[in-house]
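Trainee: Sharing a structure with you now.
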Amino acid sequence: MKYRKLGKTNVEISEIGYGAWGIGGSQWLGGTDDQSLAALRRAIDLGVNLIDTALAYGDGHSEQLVGDAVRAAGRKIYVATKVPPKNRAWPVKSGTPISSVFPYDYLISSAEESLRNLRLETIDLLQLHVWTDEWVERDEWRRAFEDLKRSGKVQSVGVSATEHDPDSTLAIMRTGLIDAVQVIYNIFDQTPEAHMLPLAREMNIGILARVPLDEGALTGAIGEATTFPAGDFRAYYFRGAERKRQVVEHVDALRRDLGEGVSLPDTALRFCLSHPAVSSVIPGMRSRRHVESNAALSNLGPLPAATLVALKRHAWNRNFYN
Ligand SMILES: NC(=O)c1ccc[n+]([C@@H]2O[C@H](COP(=O)([O-])OP(=O)(O)OC[C@H]3O[C@@H](n4cnc5c(N)ncnc54)[C@H](OP(=O)(O)O)[C@@H]3O)[C@@H](O)[C@H]2O)c1
């Protein structure tokens, strides 16, 4: 496993991080806590030292499992978690006052609730789970971040960018007051390359590349007949025949370009790591098998330049979260 510095912090995080949404137990169905803990332990064994969770993932359940794995790890594992919007509305709508989403007292108490779930002394990276640059001048988040850091409850701070709208965080990045941003960056959504990733390099801000496998589309596992149980987030994301047909069409085109014997998920994760602004890519991986194949990719380094040129053609502008 190779490690990269997280922005201007002194922290070296693993190129492959662990995305812990799926293990929350309520939005991704089908796994058990024992399987999740086994996957987390295996990831840690293989050099993963960054885990991205959130209070909203299973209402604290993901944080509890992550805390169990981290406390048993025997070495430093960096935990990134998130403050959910107080009004529980994702994504934030333009014109929403910060008072209904992130008032100061709520930011402090949410971080404290995460610490209780994790049963850890500190949160290595606290991120706001929604963000709009309309709030950039507001005092609430600035003061809460400063006070949480001063108290030692939080080490570094950041935001999670709105789905497919990386430019919605450029103003907060320019303040120099945050250490990291988390953003959708994958073969289909390459939009962060235009403004966010260059700005991250200029300001020395860490980038966590989230949803690198497009919720499973970029693994090649979604077919026209694929179904998910009711209540599983993916039943919503991949809903209807037309969405699945489009996924198959785009994935087939990608496969044709990559050629025989090239692994789609491997290429998708290495695509993210090929950009120098990316600090870590954080696939969701509830199974040990996926942990093992993903953790091995870091040693392969960036994709060849010709592959990166070919992948440019596969950018696909759409929003399945709506
Ligand atoms: N708003 C936000 O801040 C936000 C939103 C979404 C996600 N995130 C973060 O980003 C992380 C990653 O996104 P995600 O988990 O939603 O989706 P993702 O990483 O794009 O895809 C996860 C899916 O890919 C599968 N997979 C992983 N490695 C594989 C491999 N080598 N071969 C085949 N399949 C593989 C997983 O299977 P198994 O799980 O069965 O192993 C799972 O079904 C989340 O866990 C979370 O930490 C943040």
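By convention here, the chains of the structure tokens are called A, B, ... in the order presented, each chain's residues are numbered starting at 1, and ligands are numbered starting at 1 in the order presented.
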Hey, what's within 12 Å of Arg270 (chain A) if we count only C-alpha atoms and toss same-chain stuff fewer than 6 positions away? As a ChimeraX atom specification, please?
Mentor: /A:15-16,185-187,209,212-213,263-264,276,278,280-283,294-305,307-308,311
Trainee: With a distance cut-off of 10 Å and only C-alpha atoms, select the neighbouring residues of region 30-38 of chain A, excluding the residue or stretch itself and same-chain residues fewer than 4 positions from it, and output the selection as a PyMOL selection string.
Mentor: chain A and resi 20+22-26+42-44+61-62+65-66+68-69+228-229+232+285-288+291
Trainee: Find, counting only C-alpha atoms and all ligand atoms, the residue in A:Ser293, A:Ser151, A:Thr267, A:Ser279 that gets nearest to ligand 1.
Mentor: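 Using only C-alpha atoms and all ligand atoms, the shortest distance to ligand 1 belongs to A:Ser293.
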Trainee: Just the alpha helix (DSSP H) stuff from region 41-183 of chain A, please, per backbone DSSP, written as a PyMOL selection string.
Mentor: chain A and resi 41-45+61-71+104-118+139-151+170-175
Trainee: Identify, on the basis of only C-alpha atoms, every residue whose closest approach to region 119-135 of chain A does not exceed 7 Å; exclude the query and any residue fewer than 4 positions from it along the same chain; express the result as JSON, numbers by chain.
Mentor: {"A": [67, 78, 79, 80, 81, 82, 83, 84, 85, 90, 91, 92, 98, 115, 152, 153, 154, 155, 156, 157, 158, 159, 160, 161, 162, 168, 169, 171, 172]}
Trainee: Selected residues, N, CA and C atoms, written as a PDB file, in the first residue's frame, please.
Mentor:
ATOM      1  N   GLY A  67     -15.510   2.174  14.765  1.00  0.00           N
ATOM      2  CA  GLY A  67     -14.817   2.367  16.051  1.00  0.00           C
ATOM      3  C   GLY A  67     -14.310   1.046  16.608  1.00  0.00           C
ATOM      4  N   TYR A  78      -6.934   6.434  10.600  1.00  0.00           N
ATOM      5  CA  TYR A  78      -7.567   7.754  10.528  1.00  0.00           C
ATOM      6  C   TYR A  78      -9.042   7.593  10.194  1.00  0.00           C
ATOM      7  N   VAL A  79      -9.874   8.221  11.012  1.00  0.00           N
ATOM      8  CA  VAL A  79     -11.321   8.129  10.803  1.00  0.00           C
ATOM      9  C   VAL A  79     -11.856   9.477  10.340  1.00  0.00           C
ATOM     10  N   ALA A  80     -12.529   9.424   9.186  1.00  0.00           N
ATOM     11  CA  ALA A  80     -13.247  10.596   8.688  1.00  0.00           C
ATOM     12  C   ALA A  80     -14.730  10.320   8.900  1.00  0.00           C
ATOM     13  N   THR A  81     -15.428  11.288   9.508  1.00  0.00           N
ATOM     14  CA  THR A  81     -16.875  11.124   9.630  1.00  0.00           C
ATOM     15  C   THR A  81     -17.559  12.424   9.230  1.00  0.00           C
ATOM     16  N   LYS A  82     -18.885  12.458   9.326  1.00  0.00           N
ATOM     17  CA  LYS A  82     -19.605  13.624   8.788  1.00  0.00           C
ATOM     18  C   LYS A  82     -20.744  14.054   9.703  1.00  0.00           C
ATOM     19  N   VAL A  83     -20.981  15.349   9.699  1.00  0.00           N
ATOM     20  CA  VAL A  83     -22.146  15.905  10.401  1.00  0.00           C
ATOM     21  C   VAL A  83     -23.315  15.920   9.419  1.00  0.00           C
ATOM     22  N   PRO A  84     -24.411  15.210   9.730  1.00  0.00           N
ATOM     23  CA  PRO A  84     -25.555  15.245   8.803  1.00  0.00           C
ATOM     24  C   PRO A  84     -26.243  16.601   8.875  1.00  0.00           C
ATOM     25  N   PRO A  85     -26.931  16.997   7.807  1.00  0.00           N
ATOM     26  CA  PRO A  85     -27.707  18.244   7.889  1.00  0.00           C
ATOM     27  C   PRO A  85     -28.787  18.106   8.958  1.00  0.00           C
ATOM     28  N   TRP A  90     -30.838  16.029   1.859  1.00  0.00           N
ATOM     29  CA  TRP A  90     -29.716  15.901   0.921  1.00  0.00           C
ATOM     30  C   TRP A  90     -30.252  16.047  -0.494  1.00  0.00           C
ATOM     31  N   PRO A  91     -29.630  16.779  -1.390  1.00  0.00           N
ATOM     32  CA  PRO A  91     -28.594  17.774  -1.117  1.00  0.00           C
ATOM     33  C   PRO A  91     -29.241  19.056  -0.610  1.00  0.00           C
ATOM     34  N   VAL A  92     -28.407  20.005  -0.198  1.00  0.00           N
ATOM     35  CA  VAL A  92     -28.961  21.262   0.295  1.00  0.00           C
ATOM     36  C   VAL A  92     -29.526  22.062  -0.888  1.00  0.00           C
ATOM     37  N   ILE A  98     -28.369  28.589   6.807  1.00  0.00           N
ATOM     38  CA  ILE A  98     -27.474  27.699   7.554  1.00  0.00           C
ATOM     39  C   ILE A  98     -28.074  27.378   8.929  1.00  0.00           C
ATOM     40  N   LEU A 115     -18.363  10.957  18.291  1.00  0.00           N
ATOM     41  CA  LEU A 115     -17.300  10.446  19.175  1.00  0.00           C
ATOM     42  C   LEU A 115     -17.840   9.350  20.093  1.00  0.00           C
ATOM     43  N   GLY A 152      -9.565  19.581  20.731  1.00  0.00           N
ATOM     44  CA  GLY A 152      -8.944  18.278  20.463  1.00  0.00           C
ATOM     45  C   GLY A 152      -9.942  17.215  20.051  1.00  0.00           C
ATOM     46  N   LYS A 153     -11.229  17.601  19.980  1.00  0.00           N
ATOM     47  CA  LYS A 153     -12.239  16.598  19.572  1.00  0.00           C
ATOM     48  C   LYS A 153     -12.121  16.274  18.089  1.00  0.00           C
ATOM     49  N   VAL A 154     -11.575  17.198  17.342  1.00  0.00           N
ATOM     50  CA  VAL A 154     -11.439  17.051  15.894  1.00  0.00           C
ATOM     51  C   VAL A 154     -10.031  17.503  15.500  1.00  0.00           C
ATOM     52  N   GLN A 155      -9.433  16.781  14.560  1.00  0.00           N
ATOM     53  CA  GLN A 155      -8.076  17.149  14.132  1.00  0.00           C
ATOM     54  C   GLN A 155      -8.078  17.982  12.857  1.00  0.00           C
ATOM     55  N   SER A 156      -8.915  17.607  11.904  1.00  0.00           N
ATOM     56  CA  SER A 156      -8.963  18.379  10.665  1.00  0.00           C
ATOM     57  C   SER A 156     -10.400  18.386  10.152  1.00  0.00           C
ATOM     58  N   VAL A 157     -10.671  19.295   9.222  1.00  0.00           N
ATOM     59  CA  VAL A 157     -12.068  19.557   8.846  1.00  0.00           C
ATOM     60  C   VAL A 157     -12.220  19.662   7.332  1.00  0.00           C
ATOM     61  N   GLY A 158     -13.449  19.418   6.873  1.00  0.00           N
ATOM     62  CA  GLY A 158     -13.696  19.502   5.439  1.00  0.00           C
ATOM     63  C   GLY A 158     -15.178  19.474   5.137  1.00  0.00           C
ATOM     64  N   VAL A 159     -15.487  19.381   3.854  1.00  0.00           N
ATOM     65  CA  VAL A 159     -16.886  19.281   3.425  1.00  0.00           C
ATOM     66  C   VAL A 159     -17.008  18.193   2.372  1.00  0.00           C
ATOM     67  N   SER A 160     -18.237  17.740   2.210  1.00  0.00           N
ATOM     68  CA  SER A 160     -18.560  16.781   1.165  1.00  0.00           C
ATOM     69  C   SER A 160     -19.347  17.545   0.097  1.00  0.00           C
ATOM     70  N   ALA A 161     -18.855  17.493  -1.133  1.00  0.00           N
ATOM     71  CA  ALA A 161     -19.471  18.301  -2.199  1.00  0.00           C
ATOM     72  C   ALA A 161     -20.778  17.665  -2.668  1.00  0.00           C
ATOM     73  N   THR A 162     -21.703  18.512  -3.073  1.00  0.00           N
ATOM     74  CA  THR A 162     -22.985  18.057  -3.632  1.00  0.00           C
ATOM     75  C   THR A 162     -22.736  17.136  -4.828  1.00  0.00           C
ATOM     76  N   SER A 168     -19.497  23.655  -6.348  1.00  0.00           N
ATOM     77  CA  SER A 168     -20.229  24.227  -5.219  1.00  0.00           C
ATOM     78  C   SER A 168     -19.371  24.344  -3.957  1.00  0.00           C
ATOM     79  N   THR A 169     -18.090  23.975  -4.051  1.00  0.00           N
ATOM     80  CA  THR A 169     -17.213  24.071  -2.870  1.00  0.00           C
ATOM     81  C   THR A 169     -15.990  24.955  -3.123  1.00  0.00           C
ATOM     82  N   ALA A 171     -15.537  28.166  -3.223  1.00  0.00           N
ATOM     83  CA  ALA A 171     -15.342  29.328  -2.345  1.00  0.00           C
ATOM     84  C   ALA A 171     -14.838  28.900  -0.970  1.00  0.00           C
ATOM     85  N   ILE A 172     -15.380  27.816  -0.423  1.00  0.00           N
ATOM     86  CA  ILE A 172     -14.876  27.400   0.903  1.00  0.00           C
ATOM     87  C   ILE A 172     -13.441  26.893   0.784  1.00  0.00           C
TER      88      ILE A 172
END
Trainee: Any idea what the distance is between CA of Gly231 (chain A) and CA of Gly58 (chain A)?
Mentor: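 So the two atoms, CA of Gly231 (chain A) and CA of Gly58 (chain A), lie 12.6 Å apart.
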Trainee: I'd like the contact shell of Ala217 (chain A) - 10 Å cut-off, only C-alpha atoms, skipping same-chain residues fewer than 3 positions apart - returned as an NGL selection string.
Mentor: :A and (188 or 212-214 or 220-223 or 238 or 244 or 247-248 or 250-251 or 264-265)
Trainee: Can you tell me which residues surround Tyr237 (chain A) at a distance of at most 9 Å, considering only C-alpha atoms, apart from same-chain residues fewer than 5 positions away, and format the answer as a PyMOL selection string?
Mentor: chain A and resi 215+243+320-322
Trainee: Between A:Asn204, A:Ser14, A:Thr53, A:Asn317, which has the minimum distance to ligand 1 (counting only C-alpha atoms and all ligand atoms)?
Mentor: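 Looking at the shortest contact to ligand 1, the residue is A:Thr53.
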Trainee: Closest to ligand 1 among A:Asp179, A:Asp189, A:Glu140, A:Glu202, using only C-alpha atoms and all ligand atoms?
Mentor: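 When distances to ligand 1 are compared using only C-alpha atoms and all ligand atoms, the smallest one comes from A:Asp189.
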Trainee: Just checking: using only C-alpha atoms and all ligand atoms, which residue out of A:Ala72, A:Ala111, A:Leu55, A:Leu148 ends up closest to ligand 1?
Mentor: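 Distance minimum relative to ligand 1 lands on A:Leu55.
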Trainee: Pick out the closest residue to ligand 1 from this set: A:Gly19, A:Gly47, A:Pro192, A:Pro97. Count only C-alpha atoms and all ligand atoms.
Mentor: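 When distances to ligand 1 are compared using only C-alpha atoms and all ligand atoms, the smallest one comes from A:Gly19.
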